[in-house]
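Here the structure comes first, spelled out in structure tokens, and everything after it is commentary.
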Amino acid sequence: MTHTEALALVAEAVELDPSALAPEMRISDIEDWSSLTWLTLMSLVDEKLNTQLSAKEIKSFSTVGDVLAWLESKALAA
């Protein structure tokens, strides 16, 4: 999974255009990010990467870049 693909996946989960997201953005500052976004992202990760995103991992993410790095690392490991 490329950086662009990871960004598109996150953007799909939060229902925003990928251009509206940047790696340095704090998740807590994204108005449209909610618990539903996390559930959607968990489902997309399972579907696209055949891996699970845990609650512990979710709690460790503070920026969009944290999520992107995790996605890219999981894709490399697959």
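Every chain in the structure tokens has a letter given in the order shown (A, B, ...), and although residue numbers restart at 1 in each chain, ligands are simply numbered from 1 in the order shown.
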
What's around stretch 14-23 of chain A at 6 Å? Count only C-alpha atoms, leave out sequence neighbours fewer than 3 positions away in its own chain, and write the answer as a CSV table (one decimal) with N, CA and C atoms, in the first residue's frame.
chain,number,residue,atom,x,y,z
A,8,ALA,N,-6.0,7.6,0.9
A,8,ALA,CA,-7.3,7.5,0.3
A,8,ALA,C,-8.2,6.6,1.2
A,11,ALA,N,-9.2,8.7,4.1
A,11,ALA,CA,-10.2,9.7,3.6
A,11,ALA,C,-11.6,9.1,3.4
A,33,TRP,N,-14.3,13.5,12.3
A,33,TRP,CA,-13.8,12.2,12.8
A,33,TRP,C,-14.6,11.8,14.0
A,37,THR,N,-16.1,6.7,12.4
A,37,THR,CA,-15.0,6.7,11.5
A,37,THR,C,-14.0,5.6,11.9
A,64,VAL,N,-3.0,12.0,11.8
A,64,VAL,CA,-3.3,11.2,10.5
A,64,VAL,C,-2.1,10.4,10.1
A,65,GLY,N,-0.9,11.1,10.3
A,65,GLY,CA,0.4,10.4,10.0
A,65,GLY,C,0.6,9.1,10.7

Give me every alpha helix (DSSP H) residue in chain A, going by DSSP on the backbone, as a tab-separated table (two decimals) with N, CA and C atoms, in the first residue's frame.
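After the write, states_13.tsv holds the following:
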chain	number	residue	atom	x	y	z
A	3	HIS	N	1.63	5.41	0.11
A	3	HIS	CA	1.18	6.50	0.97
A	3	HIS	C	-0.14	7.06	0.43
A	4	THR	N	-0.23	7.21	-0.87
A	4	THR	CA	-1.45	7.74	-1.50
A	4	THR	C	-2.64	6.82	-1.27
A	5	GLU	N	-2.42	5.51	-1.38
A	5	GLU	CA	-3.50	4.55	-1.14
A	5	GLU	C	-3.93	4.57	0.32
A	6	ALA	N	-2.96	4.67	1.23
A	6	ALA	CA	-3.29	4.73	2.66
A	6	ALA	C	-4.10	5.99	2.96
A	7	LEU	N	-3.69	7.11	2.39
A	7	LEU	CA	-4.42	8.37	2.59
A	7	LEU	C	-5.83	8.27	2.04
A	8	ALA	N	-5.98	7.63	0.89
A	8	ALA	CA	-7.32	7.46	0.29
A	8	ALA	C	-8.20	6.59	1.18
A	9	LEU	N	-7.62	5.57	1.81
A	9	LEU	CA	-8.38	4.70	2.71
A	9	LEU	C	-8.86	5.48	3.93
A	10	VAL	N	-7.99	6.27	4.52
A	10	VAL	CA	-8.37	7.10	5.68
A	10	VAL	C	-9.43	8.11	5.27
A	11	ALA	N	-9.24	8.73	4.12
A	11	ALA	CA	-10.21	9.72	3.63
A	11	ALA	C	-11.57	9.08	3.40
A	12	GLU	N	-11.58	7.86	2.88
A	12	GLU	CA	-12.84	7.14	2.68
A	12	GLU	C	-13.55	6.91	4.02
A	13	ALA	N	-12.78	6.54	5.03
A	13	ALA	CA	-13.37	6.26	6.34
A	13	ALA	C	-14.00	7.51	6.95
A	14	VAL	N	-13.35	8.65	6.78
A	14	VAL	CA	-13.85	9.88	7.39
A	14	VAL	C	-14.77	10.67	6.44
A	35	SER	N	-16.38	8.14	16.38
A	35	SER	CA	-16.24	6.70	16.66
A	35	SER	C	-16.70	5.89	15.45
A	36	LEU	N	-17.65	6.40	14.69
A	36	LEU	CA	-18.09	5.72	13.48
A	36	LEU	C	-16.95	5.67	12.45
A	37	THR	N	-16.14	6.72	12.41
A	37	THR	CA	-14.99	6.74	11.51
A	37	THR	C	-14.05	5.58	11.86
A	38	TRP	N	-13.80	5.38	13.15
A	38	TRP	CA	-12.92	4.29	13.57
A	38	TRP	C	-13.50	2.95	13.15
A	39	LEU	N	-14.79	2.76	13.34
A	39	LEU	CA	-15.43	1.49	12.95
A	39	LEU	C	-15.33	1.27	11.45
A	40	THR	N	-15.54	2.33	10.70
A	40	THR	CA	-15.43	2.25	9.25
A	40	THR	C	-14.00	1.91	8.85
A	41	LEU	N	-13.03	2.58	9.48
A	41	LEU	CA	-11.63	2.31	9.17
A	41	LEU	C	-11.27	0.87	9.53
A	42	MET	N	-11.75	0.39	10.66
A	42	MET	CA	-11.49	-1.00	11.07
A	42	MET	C	-12.01	-1.97	10.01
A	43	SER	N	-13.20	-1.70	9.51
A	43	SER	CA	-13.80	-2.55	8.49
A	43	SER	C	-13.01	-2.51	7.19
A	44	LEU	N	-12.60	-1.30	6.78
A	44	LEU	CA	-11.83	-1.16	5.55
A	44	LEU	C	-10.47	-1.84	5.66
A	45	VAL	N	-9.83	-1.72	6.81
A	45	VAL	CA	-8.54	-2.37	7.03
A	45	VAL	C	-8.69	-3.89	6.93
A	46	ASP	N	-9.73	-4.40	7.53
A	46	ASP	CA	-9.99	-5.85	7.47
A	46	ASP	C	-10.21	-6.28	6.02
A	47	GLU	N	-11.00	-5.50	5.30
A	47	GLU	CA	-11.34	-5.82	3.92
A	47	GLU	C	-10.13	-5.71	2.99
A	48	LYS	N	-9.39	-4.61	3.09
A	48	LYS	CA	-8.29	-4.33	2.14
A	48	LYS	C	-6.98	-5.02	2.51
A	49	LEU	N	-6.70	-5.12	3.82
A	49	LEU	CA	-5.41	-5.65	4.25
A	49	LEU	C	-5.50	-7.00	4.94
A	55	ALA	N	-8.25	-1.80	19.38
A	55	ALA	CA	-8.56	-0.61	20.19
A	55	ALA	C	-7.28	-0.02	20.77
A	56	LYS	N	-6.35	-0.86	21.16
A	56	LYS	CA	-5.07	-0.39	21.70
A	56	LYS	C	-4.31	0.41	20.65
A	57	GLU	N	-4.30	-0.05	19.41
A	57	GLU	CA	-3.64	0.68	18.33
A	57	GLU	C	-4.34	2.00	18.07
A	58	ILE	N	-5.66	1.98	18.05
A	58	ILE	CA	-6.43	3.20	17.83
A	58	ILE	C	-6.08	4.25	18.88
A	59	LYS	N	-5.98	3.83	20.13
A	59	LYS	CA	-5.65	4.76	21.21
A	59	LYS	C	-4.25	5.34	21.07
A	60	SER	N	-3.38	4.65	20.36
A	60	SER	CA	-2.01	5.14	20.19
A	60	SER	C	-1.88	6.18	19.09
A	64	VAL	N	-3.02	11.96	11.78
A	64	VAL	CA	-3.31	11.21	10.55
A	64	VAL	C	-2.06	10.44	10.13
A	65	GLY	N	-0.89	11.05	10.30
A	65	GLY	CA	0.36	10.40	9.95
A	65	GLY	C	0.59	9.11	10.72
A	66	ASP	N	0.16	9.07	11.98
A	66	ASP	CA	0.27	7.84	12.77
A	66	ASP	C	-0.54	6.71	12.13
A	67	VAL	N	-1.74	7.04	11.69
A	67	VAL	CA	-2.61	6.05	11.04
A	67	VAL	C	-1.99	5.61	9.72
A	68	LEU	N	-1.49	6.58	8.95
A	68	LEU	CA	-0.88	6.25	7.66
A	68	LEU	C	0.33	5.34	7.83
A	69	ALA	N	1.18	5.66	8.80
A	69	ALA	CA	2.37	4.85	9.05
A	69	ALA	C	1.98	3.42	9.42
A	70	TRP	N	0.94	3.28	10.25
A	70	TRP	CA	0.48	1.96	10.64
A	70	TRP	C	-0.02	1.18	9.42
A	71	LEU	N	-0.84	1.84	8.60
A	71	LEU	CA	-1.38	1.20	7.40
A	71	LEU	C	-0.26	0.75	6.47
A	72	GLU	N	0.70	1.63	6.26
A	72	GLU	CA	1.80	1.31	5.35
A	72	GLU	C	2.64	0.16	5.90
A	73	SER	N	2.85	0.13	7.21
A	73	SER	CA	3.65	-0.96	7.80
A	73	SER	C	2.91	-2.30	7.71
A	74	LYS	N	1.60	-2.28	7.89
A	74	LYS	CA	0.81	-3.51	7.80
A	74	LYS	C	0.79	-4.02	6.36
A	75	ALA	N	0.74	-3.12	5.41
A	75	ALA	CA	0.74	-3.51	4.01
A	75	ALA	C	2.08	-4.13	3.63
A	76	LEU	N	3.16	-3.60	4.16
A	76	LEU	CA	4.49	-4.15	3.88
A	76	LEU	C	4.65	-5.53	4.49
A	77	ALA	N	4.04	-5.73	5.65
A	77	ALA	CA	4.16	-7.00	6.35
A	77	ALA	C	3.32	-8.10	5.69

Separation of atom CA of A:Asn50 and atom CA of A:Asp29, in Å?
28.8 Å

For A:Arg26, please output as number ranges by chain all residues within 8 Å (counting only C-alpha atoms; exclusion window: fewer than 2 positions along the same chain).
A: 24, 28-30, 62-64

Quick one: write out the picked residues with C-alpha atoms as a PDB file, in the first residue's frame?
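Result file again.pdb:
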ATOM      1  CA  GLU A  24       0.508  16.315  10.650  1.00  0.00           C
ATOM      2  CA  SER A  28      -8.932  15.234  17.511  1.00  0.00           C
ATOM      3  CA  ASP A  29      -8.942  18.391  15.358  1.00  0.00           C
ATOM      4  CA  ILE A  30     -10.818  16.773  12.454  1.00  0.00           C
ATOM      5  CA  SER A  62      -2.809  11.018  17.589  1.00  0.00           C
ATOM      6  CA  THR A  63      -2.252  12.226  14.022  1.00  0.00           C
ATOM      7  CA  VAL A  64      -3.314  11.212  10.548  1.00  0.00           C
TER       8      VAL A  64
END
